[in-house]
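As provided, coords-v3.tsv (TSV, C-alpha atoms) reads as follows.
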```tsv
chain	number	residue	atom	x	y	z
A	1	MET	CA	-145.02	112.87	-17.67
A	2	ALA	CA	-147.30	115.48	-19.22
A	3	ALA	CA	-148.14	115.00	-22.84
A	4	PHE	CA	-145.99	116.98	-25.25
A	5	ALA	CA	-148.95	117.55	-27.59
A	6	LYS	CA	-152.20	116.05	-28.84
A	7	LEU	CA	-152.12	113.92	-31.98
A	8	TYR	CA	-155.43	113.48	-33.80
A	9	ALA	CA	-155.56	110.26	-35.86
A	10	TYR	CA	-157.22	106.89	-36.20
A	11	PRO	CA	-155.61	103.51	-35.38
A	12	GLY	CA	-153.38	102.07	-38.09
A	13	ASN	CA	-152.99	105.32	-40.02
A	14	PRO	CA	-149.52	105.01	-41.64
A	15	ARG	CA	-148.87	108.76	-41.60
A	16	ALA	CA	-149.75	109.09	-37.92
A	17	ARG	CA	-147.54	106.08	-37.16
A	18	VAL	CA	-144.50	108.11	-38.25
A	19	ALA	CA	-145.18	110.79	-35.65
A	20	LEU	CA	-145.70	108.17	-32.94
A	21	VAL	CA	-142.42	106.39	-33.75
A	22	ALA	CA	-140.53	109.68	-33.92
A	23	ALA	CA	-141.92	110.63	-30.51
A	24	LYS	CA	-140.60	107.36	-29.08
A	25	TYR	CA	-137.12	108.17	-30.37
A	26	GLU	CA	-137.27	111.69	-28.94
A	27	GLU	CA	-138.72	110.43	-25.63
A	28	LEU	CA	-141.82	112.60	-25.99
A	29	THR	CA	-145.35	111.61	-24.96
A	30	LEU	CA	-148.25	112.24	-27.30
A	31	GLU	CA	-151.87	112.23	-26.25
A	32	ILE	CA	-153.79	110.31	-28.92
A	33	VAL	CA	-157.23	111.71	-29.74
A	34	GLU	CA	-158.94	109.13	-31.94
A	35	THR	CA	-160.36	110.94	-34.96
A	36	ASN	CA	-161.53	109.33	-38.17
A	37	PRO	CA	-162.85	111.66	-40.90
A	38	PHE	CA	-163.90	108.59	-42.92
A	39	ALA	CA	-166.19	107.20	-40.20
A	40	GLU	CA	-169.91	107.82	-40.15
A	41	GLY	CA	-170.48	111.43	-39.14
A	42	GLY	CA	-166.95	112.48	-40.11
A	43	ALA	CA	-164.50	114.18	-37.77
A	44	GLY	CA	-167.12	116.34	-36.06
A	45	ALA	CA	-167.77	120.05	-35.85
A	46	ALA	CA	-165.33	120.68	-32.98
A	47	TYR	CA	-162.47	119.13	-34.97
A	48	LEU	CA	-163.36	121.08	-38.11
A	49	ALA	CA	-163.34	124.29	-36.11
A	50	LYS	CA	-159.69	123.62	-35.28
A	51	PHE	CA	-158.68	121.95	-38.56
A	52	PRO	CA	-161.06	123.13	-41.32
A	53	LEU	CA	-159.76	120.67	-43.94
A	54	GLY	CA	-160.74	117.75	-41.72
A	55	LEU	CA	-157.50	115.85	-42.37
A	56	VAL	CA	-155.54	113.50	-40.13
A	57	PRO	CA	-153.03	113.34	-38.66
A	58	ALA	CA	-153.13	116.73	-36.99
A	59	LEU	CA	-151.16	118.01	-34.02
A	60	GLU	CA	-152.16	120.52	-31.35
A	61	LYS	CA	-149.78	122.01	-28.78
A	62	ASP	CA	-151.25	124.79	-26.70
A	63	ASP	CA	-152.49	127.36	-29.22
A	64	PHE	CA	-150.31	125.95	-32.03
A	65	LYS	CA	-152.01	123.70	-34.59
A	66	LEU	CA	-150.42	121.78	-37.44
A	67	THR	CA	-151.43	119.38	-40.21
A	68	GLU	CA	-149.47	117.40	-42.83
A	69	SER	CA	-147.50	114.42	-41.57
A	70	THR	CA	-144.09	115.58	-42.79
A	71	ALA	CA	-144.49	118.91	-41.00
A	72	ILE	CA	-145.69	117.22	-37.81
A	73	ALA	CA	-142.76	114.81	-37.79
A	74	THR	CA	-140.06	117.39	-38.48
A	75	VAL	CA	-140.61	121.15	-38.63
A	76	SER	CA	-137.50	123.31	-38.51
A	77	ARG	CA	-135.44	123.21	-35.38
A	78	THR	CA	-135.65	126.97	-34.97
A	79	ASN	CA	-139.29	126.89	-33.79
A	80	ASP	CA	-138.20	124.39	-31.12
A	81	ARG	CA	-141.60	122.72	-31.07
A	82	MET	CA	-142.20	119.57	-33.07
A	83	ILE	CA	-141.29	115.97	-32.46
A	84	ALA	CA	-138.08	114.97	-34.29
A	85	SER	CA	-136.76	118.52	-34.28
A	86	TYR	CA	-137.70	119.19	-30.68
A	87	ASN	CA	-134.46	117.76	-29.28
A	88	ASN	CA	-133.22	115.76	-32.29
A	89	LYS	CA	-131.63	113.36	-29.81
A	90	ALA	CA	-131.76	110.50	-32.27
A	91	GLY	CA	-130.75	112.54	-35.30
A	92	LEU	CA	-133.97	111.58	-37.08
A	93	ALA	CA	-134.10	114.88	-38.96
A	94	GLY	CA	-130.51	114.50	-40.22
A	95	THR	CA	-127.21	115.39	-38.58
A	96	ASN	CA	-126.16	118.05	-41.10
A	97	LYS	CA	-127.79	120.25	-43.75
A	98	GLU	CA	-127.15	117.79	-46.59
A	99	ASP	CA	-128.61	114.85	-44.68
A	100	ALA	CA	-131.56	116.97	-43.55
A	101	ALA	CA	-132.34	117.79	-47.18
A	102	SER	CA	-132.08	114.11	-48.15
A	103	VAL	CA	-134.39	113.15	-45.29
A	104	GLN	CA	-136.94	115.68	-46.55
A	105	GLN	CA	-136.60	114.27	-50.07
A	106	TRP	CA	-137.29	110.68	-49.00
A	107	MET	CA	-140.18	111.69	-46.74
A	108	ALA	CA	-141.81	113.55	-49.61
A	109	TRP	CA	-141.28	110.57	-51.92
A	110	ALA	CA	-142.66	108.04	-49.43
A	111	ASN	CA	-145.66	110.22	-48.62
A	112	ASN	CA	-146.58	111.53	-52.07
A	113	SER	CA	-145.38	108.80	-54.44
A	114	LEU	CA	-145.04	105.46	-52.65
A	115	LEU	CA	-147.95	105.54	-50.20
A	116	LYS	CA	-150.26	107.44	-52.55
A	117	GLY	CA	-149.49	105.03	-55.41
A	118	LEU	CA	-150.06	101.95	-53.25
A	119	GLY	CA	-153.36	103.42	-52.05
A	120	GLU	CA	-154.58	103.99	-55.59
A	121	TRP	CA	-153.80	100.32	-56.24
A	122	PHE	CA	-155.34	98.63	-53.20
A	123	ARG	CA	-158.18	100.98	-52.18
A	124	PRO	CA	-160.49	99.95	-55.05
A	125	LEU	CA	-159.67	96.28	-54.38
A	126	VAL	CA	-160.88	96.47	-50.78
A	127	GLY	CA	-163.97	98.58	-51.49
A	128	LYS	CA	-162.58	101.91	-50.23
A	129	ALA	CA	-162.85	103.51	-53.69
A	130	PRO	CA	-164.80	102.81	-56.91
A	131	TYR	CA	-163.29	99.95	-58.91
A	132	ASN	CA	-162.09	100.51	-62.46
A	133	LYS	CA	-159.86	97.79	-63.86
A	134	GLY	CA	-157.91	100.11	-66.15
A	135	ALA	CA	-157.22	102.58	-63.33
A	136	VAL	CA	-156.17	99.80	-60.94
A	137	ASP	CA	-153.83	98.28	-63.53
A	138	ASN	CA	-152.25	101.68	-64.15
A	139	ALA	CA	-151.86	102.30	-60.42
A	140	LYS	CA	-150.23	98.90	-59.97
A	141	ALA	CA	-147.75	99.59	-62.78
A	142	ALA	CA	-146.89	102.98	-61.27
A	143	ALA	CA	-146.43	101.48	-57.79
A	144	MET	CA	-144.17	98.74	-59.15
A	145	LYS	CA	-142.03	101.39	-60.83
A	146	GLN	CA	-141.58	103.15	-57.47
A	147	ALA	CA	-140.79	99.79	-55.83
A	148	ALA	CA	-138.11	99.07	-58.45
A	149	TYR	CA	-136.51	102.44	-57.73
A	150	LEU	CA	-136.36	101.70	-54.00
A	151	GLU	CA	-135.05	98.16	-54.54
A	152	SER	CA	-132.19	99.44	-56.68
A	153	PHE	CA	-131.28	102.22	-54.25
A	154	LEU	CA	-131.10	99.81	-51.29
A	155	ALA	CA	-128.79	97.35	-53.06
A	156	ASP	CA	-125.76	98.49	-51.00
A	157	LYS	CA	-127.43	100.46	-48.20
A	158	THR	CA	-128.97	99.67	-44.84
A	159	PHE	CA	-130.59	103.08	-44.34
A	160	LEU	CA	-131.80	105.63	-46.86
A	161	VAL	CA	-129.77	108.54	-45.48
A	162	GLY	CA	-126.40	108.07	-43.80
A	163	HIS	CA	-125.59	105.18	-41.49
A	164	ARG	CA	-128.37	105.45	-38.92
A	165	ILE	CA	-132.12	105.49	-38.87
A	166	THR	CA	-133.89	108.72	-39.84
A	167	LEU	CA	-137.40	109.90	-40.58
A	168	ALA	CA	-136.77	108.88	-44.18
A	169	ASP	CA	-136.63	105.23	-43.11
A	170	ILE	CA	-139.61	105.51	-40.76
A	171	PHE	CA	-141.80	107.16	-43.41
A	172	THR	CA	-140.84	104.63	-46.08
A	173	ALA	CA	-141.26	101.56	-43.86
A	174	SER	CA	-144.64	102.83	-42.64
A	175	ALA	CA	-145.82	103.25	-46.23
A	176	LEU	CA	-144.54	99.79	-47.18
A	177	ALA	CA	-146.38	98.23	-44.25
A	178	ARG	CA	-149.75	98.98	-45.83
A	179	GLY	CA	-148.54	97.56	-49.13
A	180	PHE	CA	-147.16	94.38	-47.57
A	181	GLU	CA	-150.48	93.88	-45.79
A	182	LEU	CA	-152.60	93.99	-48.96
A	183	VAL	CA	-150.80	93.80	-52.31
A	184	LEU	CA	-147.03	93.32	-51.93
A	185	ASP	CA	-147.30	89.58	-51.55
A	186	ALA	CA	-144.83	86.74	-51.04
A	187	LYS	CA	-143.93	86.72	-54.72
A	188	PHE	CA	-143.12	90.43	-54.57
A	189	ARG	CA	-141.04	90.03	-51.42
A	190	THR	CA	-138.98	87.28	-53.05
A	191	ALA	CA	-138.34	89.48	-56.08
A	192	HIS	CA	-137.41	92.50	-53.92
A	193	PRO	CA	-135.06	91.16	-51.22
A	194	ASN	CA	-133.36	94.52	-50.55
A	195	THR	CA	-136.68	96.22	-49.86
A	196	PHE	CA	-137.89	93.43	-47.59
A	197	ARG	CA	-134.56	93.41	-45.68
A	198	PHE	CA	-134.81	97.17	-45.20
A	199	PHE	CA	-138.44	96.89	-44.03
A	200	ASN	CA	-137.63	94.22	-41.45
A	201	THR	CA	-134.67	96.25	-40.17
A	202	ILE	CA	-136.79	99.35	-39.55
A	203	VAL	CA	-140.00	97.82	-38.17
A	204	ASN	CA	-138.05	95.65	-35.71
A	205	GLN	CA	-136.38	98.63	-34.07
A	206	PRO	CA	-137.71	98.78	-30.47
A	207	GLN	CA	-139.19	102.26	-30.94
A	208	PHE	CA	-141.07	101.22	-34.07
A	209	ALA	CA	-142.16	97.86	-32.68
A	210	SER	CA	-143.57	99.53	-29.56
A	211	VAL	CA	-145.98	101.48	-31.79
A	212	ALA	CA	-146.79	98.73	-34.31
A	213	SER	CA	-145.96	95.38	-32.79
A	214	SER	CA	-147.69	93.24	-35.40
A	215	LEU	CA	-147.63	94.12	-39.07
A	216	PRO	CA	-149.34	91.46	-41.22
A	217	LEU	CA	-147.83	90.20	-44.47
A	218	CYS	CA	-150.17	88.96	-47.19
A	219	ALA	CA	-149.39	85.67	-48.90
A	220	GLU	CA	-151.23	86.73	-52.05
A	221	ALA	CA	-152.34	90.17	-53.20
A	222	VAL	CA	-155.99	90.96	-52.65
A	223	VAL	CA	-158.18	90.82	-55.74
A	224	PHE	CA	-161.38	92.64	-56.53
A	225	THR	CA	-164.53	90.74	-55.63
A	226	PRO	CA	-167.73	92.21	-57.13
A	227	PRO	CA	-170.38	92.83	-54.47
A	228	LYS	CA	-173.11	90.24	-54.34
A	229	LYS	CA	-176.45	91.29	-55.73
A	230	GLU	CA	-179.19	91.35	-53.17
A	231	ALA	CA	-181.76	88.63	-53.74
A	232	ALA	CA	-185.09	89.98	-54.90
A	233	ALA	CA	-187.88	89.68	-52.37
A	234	PRO	CA	-190.27	86.86	-53.25
A	235	LYS	CA	-193.43	88.08	-54.91
A	236	ALA	CA	-196.62	87.72	-52.96
A	237	ALA	CA	-198.94	85.03	-54.28
A	238	ALA	CA	-201.51	86.53	-56.60
A	239	ALA	CA	-205.07	86.41	-55.39
A	240	PRO	CA	-207.23	83.92	-57.31
A	241	LYS	CA	-209.13	85.55	-60.14
A	242	ALA	CA	-212.88	85.66	-59.84
A	243	ALA	CA	-214.68	83.39	-62.26
A	244	LYS	CA	-216.09	85.24	-65.22
A	245	ALA	CA	-219.81	85.24	-65.62
A	246	PRO	CA	-220.98	83.40	-68.73
A	247	LYS	CA	-221.79	85.68	-71.61
A	248	ALA	CA	-225.39	86.02	-72.52
A	249	LYS	CA	-226.26	84.86	-75.97
A	250	GLU	CA	-228.62	87.75	-76.50
A	251	VAL	CA	-227.06	90.91	-77.87
A	252	ASP	CA	-227.36	93.82	-75.51
A	253	GLU	CA	-229.24	96.76	-76.89
A	254	GLU	CA	-226.23	99.08	-76.36
A	255	GLU	CA	-223.71	96.79	-78.07
A	256	GLU	CA	-222.67	97.55	-81.59
A	257	PRO	CA	-223.31	94.79	-84.07
A	258	ALA	CA	-220.25	92.80	-85.14
A	259	ALA	CA	-218.53	94.21	-88.20
A	260	ALA	CA	-219.06	92.32	-91.39
A	261	PRO	CA	-215.97	90.45	-92.69
A	262	ASP	CA	-213.86	92.32	-95.27
A	263	ALA	CA	-214.74	91.60	-98.86
A	264	PRO	CA	-212.02	89.71	-100.78
A	265	ARG	CA	-209.57	92.04	-102.59
A	266	ALA	CA	-209.44	92.02	-106.36
A	267	PRO	CA	-206.18	90.64	-107.81
A	268	HIS	CA	-203.55	93.18	-109.01
A	269	PRO	CA	-203.72	93.63	-112.81
A	270	ALA	CA	-200.01	92.74	-113.18
A	271	SER	CA	-200.62	89.36	-111.57
A	272	LEU	CA	-202.67	88.41	-114.64
A	273	LEU	CA	-199.68	88.84	-116.94
A	274	PRO	CA	-197.57	85.83	-117.90
A	275	ALA	CA	-194.16	85.45	-116.21
A	276	ALA	CA	-191.38	87.48	-117.91
A	277	SER	CA	-188.50	85.61	-119.49
A	278	PHE	CA	-186.02	88.51	-119.54
A	279	PRO	CA	-183.36	88.05	-116.78
A	280	LEU	CA	-183.37	91.38	-114.90
A	281	ASP	CA	-180.75	90.21	-112.36
A	282	GLU	CA	-178.31	89.44	-115.16
A	283	LEU	CA	-178.85	92.92	-116.60
A	284	LYS	CA	-177.94	94.40	-113.19
A	285	ARG	CA	-174.76	92.34	-113.07
A	286	GLN	CA	-173.78	93.34	-116.60
A	287	TYR	CA	-174.37	97.02	-115.93
A	288	SER	CA	-172.50	96.94	-112.57
A	289	ASN	CA	-169.50	94.87	-113.64
A	290	GLN	CA	-168.95	95.74	-117.32
A	291	GLU	CA	-168.21	98.88	-119.26
A	292	THR	CA	-171.34	100.70	-120.39
A	293	ASP	CA	-170.94	99.85	-124.08
A	294	VAL	CA	-170.46	96.14	-123.23
A	295	ALA	CA	-173.55	96.15	-120.99
A	296	PHE	CA	-175.67	97.87	-123.67
A	297	LYS	CA	-174.50	95.37	-126.28
A	298	TRP	CA	-175.66	92.55	-123.99
A	299	LEU	CA	-179.02	94.34	-123.51
A	300	GLU	CA	-179.46	94.73	-127.27
A	301	GLU	CA	-178.80	91.04	-127.83
A	302	ASN	CA	-181.03	89.75	-125.02
A	303	PHE	CA	-183.87	92.30	-124.75
A	304	ASN	CA	-187.40	90.85	-125.09
A	305	ALA	CA	-189.93	93.48	-126.13
A	306	ASN	CA	-192.78	91.17	-125.19
A	307	ASP	CA	-191.80	91.51	-121.51
A	308	TYR	CA	-190.68	95.12	-121.11
A	309	SER	CA	-190.44	98.44	-122.98
A	310	LEU	CA	-187.32	100.60	-123.17
A	311	TRP	CA	-187.32	104.40	-122.75
A	312	LYS	CA	-184.59	107.03	-123.02
A	313	VAL	CA	-185.20	110.07	-120.80
A	314	ALA	CA	-183.18	113.31	-120.80
A	315	TYR	CA	-182.56	115.25	-117.57
A	316	LYS	CA	-184.30	118.62	-117.42
A	317	TYR	CA	-181.27	120.30	-115.78
A	318	PRO	CA	-178.20	118.39	-117.00
A	319	GLU	CA	-175.89	121.21	-115.86
A	320	GLU	CA	-176.54	120.19	-112.23
A	321	LEU	CA	-174.98	116.76	-112.77
A	322	THR	CA	-171.63	117.23	-110.97
A	323	GLN	CA	-170.53	113.59	-110.57
A	324	GLY	CA	-169.80	112.87	-114.25
A	325	ALA	CA	-173.16	111.13	-114.85
A	326	SER	CA	-174.71	110.87	-118.29
A	327	PRO	CA	-177.39	113.51	-119.10
A	328	PHE	CA	-179.64	110.66	-120.26
A	329	LEU	CA	-181.39	107.97	-118.22
A	330	LEU	CA	-182.41	104.58	-119.52
A	331	VAL	CA	-185.71	103.37	-118.09
A	332	LEU	CA	-186.77	99.75	-118.49
```
Output the structure of this file as structure tokens.
Amino acid sequence: MAAFAKLYAYPGNPRARVALVAAKYEELTLEIVETNPFAEGGAGAAYLAKFPLGLVPALEKDDFKLTESTAIATVSRTNDRMIASYNNKAGLAGTNKEDAASVQQWMAWANNSLLKGLGEWFRPLVGKAPYNKGAVDNAKAAAMKQAAYLESFLADKTFLVGHRITLADIFTASALARGFELVLDAKFRTAHPNTFRFFNTIVNQPQFASVASSLPLCAEAVVFTPPKKEAAAPKAAAAPKAAKAPKAKEVDEEEEPAAAPDAPRAPHPASLLPAASFPLDELKRQYSNQETDVAFKWLEENFNANDYSLWKVAYKYPEELTQGASPFLLVL
């Protein structure tokens, strides 16, 4: 059977997986062209000429080219081209207008909220994005909020839309698969039985299992491991220093004579005075902690004129004193 179209993607891509599962339901064959824009060298010039944004998955059928996983998986039935809407044998796109709208709603949620949120949580943990603890914690909280919404919705439902599998289920299960592999651990699965039941129901459908036969489940969520610092290269052994020649005792003619030692400094005149008995520290405490008149009374009673002199100085421009200060200054 000739291929229906070419699908550009890399193995394990959850968005490409949706198109592959949908093709199985619609009994269409897709030619897989392995393309990884994140690999060394990127997607390549030929791919960018067809799909300038360099995104995957992308679909090519004759001269028709399409990106965005929701568009690839569905597209309106009127253009009679793309996967689930090509024949809609399995009713993946919805069996009536209301169901079709609900399918579109859940696909958009799974693609833009669930998968994106899980990626922002686990990508830094596995080294695919820069690690920032605050950002990772916020992403985890946001992802858990989305998970709680899904768990509540599935409390009395087997499928997200109607009573049979649709693209809504395939998109959501494919997004969850990446989460269950890395961060939605055994503890999470125990706390979210409805979500885990739904996941097992969808991924064990023959069409889904034929595309992804083994989907790993982590026992514990991955944690960030700082990269190991590279060991510094050992320093080369230093070459032995050459022995210094003994200095000649004679003074070379070009050498300057050694400077004479500094003469001893004369003592400061104040050091010749006897030690003062007036307690300056106590004056500071009195002036800081008491009212001015109380502090001055203490000064009058304890001042020793043999140790210090007392001066009263008037400010030259008292009108510039704006903080309520006295126009006089006492100098000790």
Proximity of segment 101-180 of chain A to segment 189-206 of chain A: per-residue shortest pair, 12 Å limit, all atoms listed in the file, as a Markdown table:
```
| residue | atom | partner | partner_atom | distance |
| --- | --- | --- | --- | --- |
| A:Met144 | CA | A:His192 | CA | 10.6 |
| A:Gln146 | CA | A:Thr195 | CA | 11.4 |
| A:Ala147 | CA | A:Thr195 | CA | 8.1 |
| A:Ala148 | CA | A:His192 | CA | 8.0 |
| A:Tyr149 | CA | A:Thr195 | CA | 10.0 |
| A:Leu150 | CA | A:Thr195 | CA | 6.9 |
| A:Glu151 | CA | A:Thr195 | CA | 5.3 |
| A:Ser152 | CA | A:Asn194 | CA | 7.9 |
| A:Phe153 | CA | A:Asn194 | CA | 8.8 |
| A:Leu154 | CA | A:Asn194 | CA | 5.8 |
| A:Ala155 | CA | A:Asn194 | CA | 5.9 |
| A:Asp156 | CA | A:Asn194 | CA | 8.6 |
| A:Lys157 | CA | A:Phe198 | CA | 8.6 |
| A:Thr158 | CA | A:Phe198 | CA | 6.4 |
| A:Phe159 | CA | A:Phe198 | CA | 7.3 |
| A:Leu160 | CA | A:Phe198 | CA | 9.1 |
| A:Arg164 | CA | A:Ile202 | CA | 10.4 |
| A:Ile165 | CA | A:Ile202 | CA | 7.7 |
| A:Thr166 | CA | A:Ile202 | CA | 9.8 |
| A:Leu167 | CA | A:Ile202 | CA | 10.6 |
| A:Ala168 | CA | A:Ile202 | CA | 10.6 |
| A:Asp169 | CA | A:Ile202 | CA | 6.9 |
| A:Ile170 | CA | A:Ile202 | CA | 6.9 |
| A:Phe171 | CA | A:Ile202 | CA | 10.0 |
| A:Thr172 | CA | A:Phe199 | CA | 8.4 |
| A:Ala173 | CA | A:Phe199 | CA | 5.5 |
| A:Ser174 | CA | A:Val203 | CA | 8.2 |
| A:Ala175 | CA | A:Phe199 | CA | 10.0 |
| A:Leu176 | CA | A:Phe199 | CA | 7.5 |
| A:Ala177 | CA | A:Phe199 | CA | 8.1 |
| A:Arg178 | CA | A:Phe199 | CA | 11.6 |
| A:Gly179 | CA | A:Arg189 | CA | 10.9 |
| A:Phe180 | CA | A:Arg189 | CA | 8.4 |
```
For Gly127 of chain A, please output as a short mmCIF file (atom, residue, chain, number, x, y, z; two decimals) with C-alpha atoms, keeping the file's coordinate frame all residues within 10 Å (counting only C-alpha atoms; exclusion window: fewer than 6 positions along the same chain).
```
data_model
loop_
_atom_site.label_atom_id
_atom_site.label_comp_id
_atom_site.auth_asym_id
_atom_site.auth_seq_id
_atom_site.Cartn_x
_atom_site.Cartn_y
_atom_site.Cartn_z
CA PHE A 224 -161.38 92.64 -56.53
CA THR A 225 -164.53 90.74 -55.63
CA PRO A 226 -167.73 92.21 -57.13
CA PRO A 227 -170.38 92.83 -54.47
#
```
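The shortest atom-to-atom distance to Asn111 of chain A, with all atoms listed in the file taken into account, belongs to A:Ser69 out of A:Ser69, A:Cys218, A:Asn13, A:Ala39.
Using all atoms listed in the file, the contacts of Asn132 of chain A at a cut-off of 12 Å, with sequence neighbours closer than 6 positions omitted, comprise Glu120, Trp121, Phe122, Arg123, Pro124, Leu125, Asn138, Ala139, Phe224 and Pro226 of chain A.
Minimum atom-to-atom distance to Ala108 of chain A, evaluated using all atoms listed in the file, belongs to A:Arg15 out of A:Lys140, A:Lys284, A:Lys65, A:Arg15.
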Suppose you want the space between atom CA of Asp293 of chain A and atom CA of Ser309 of chain A; what is it in Å?
19.6 Å
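The interatomic distance for the pair atom CA of Ala43 of chain A and atom CA of Pro11 of chain A works out to 14.1 Å.
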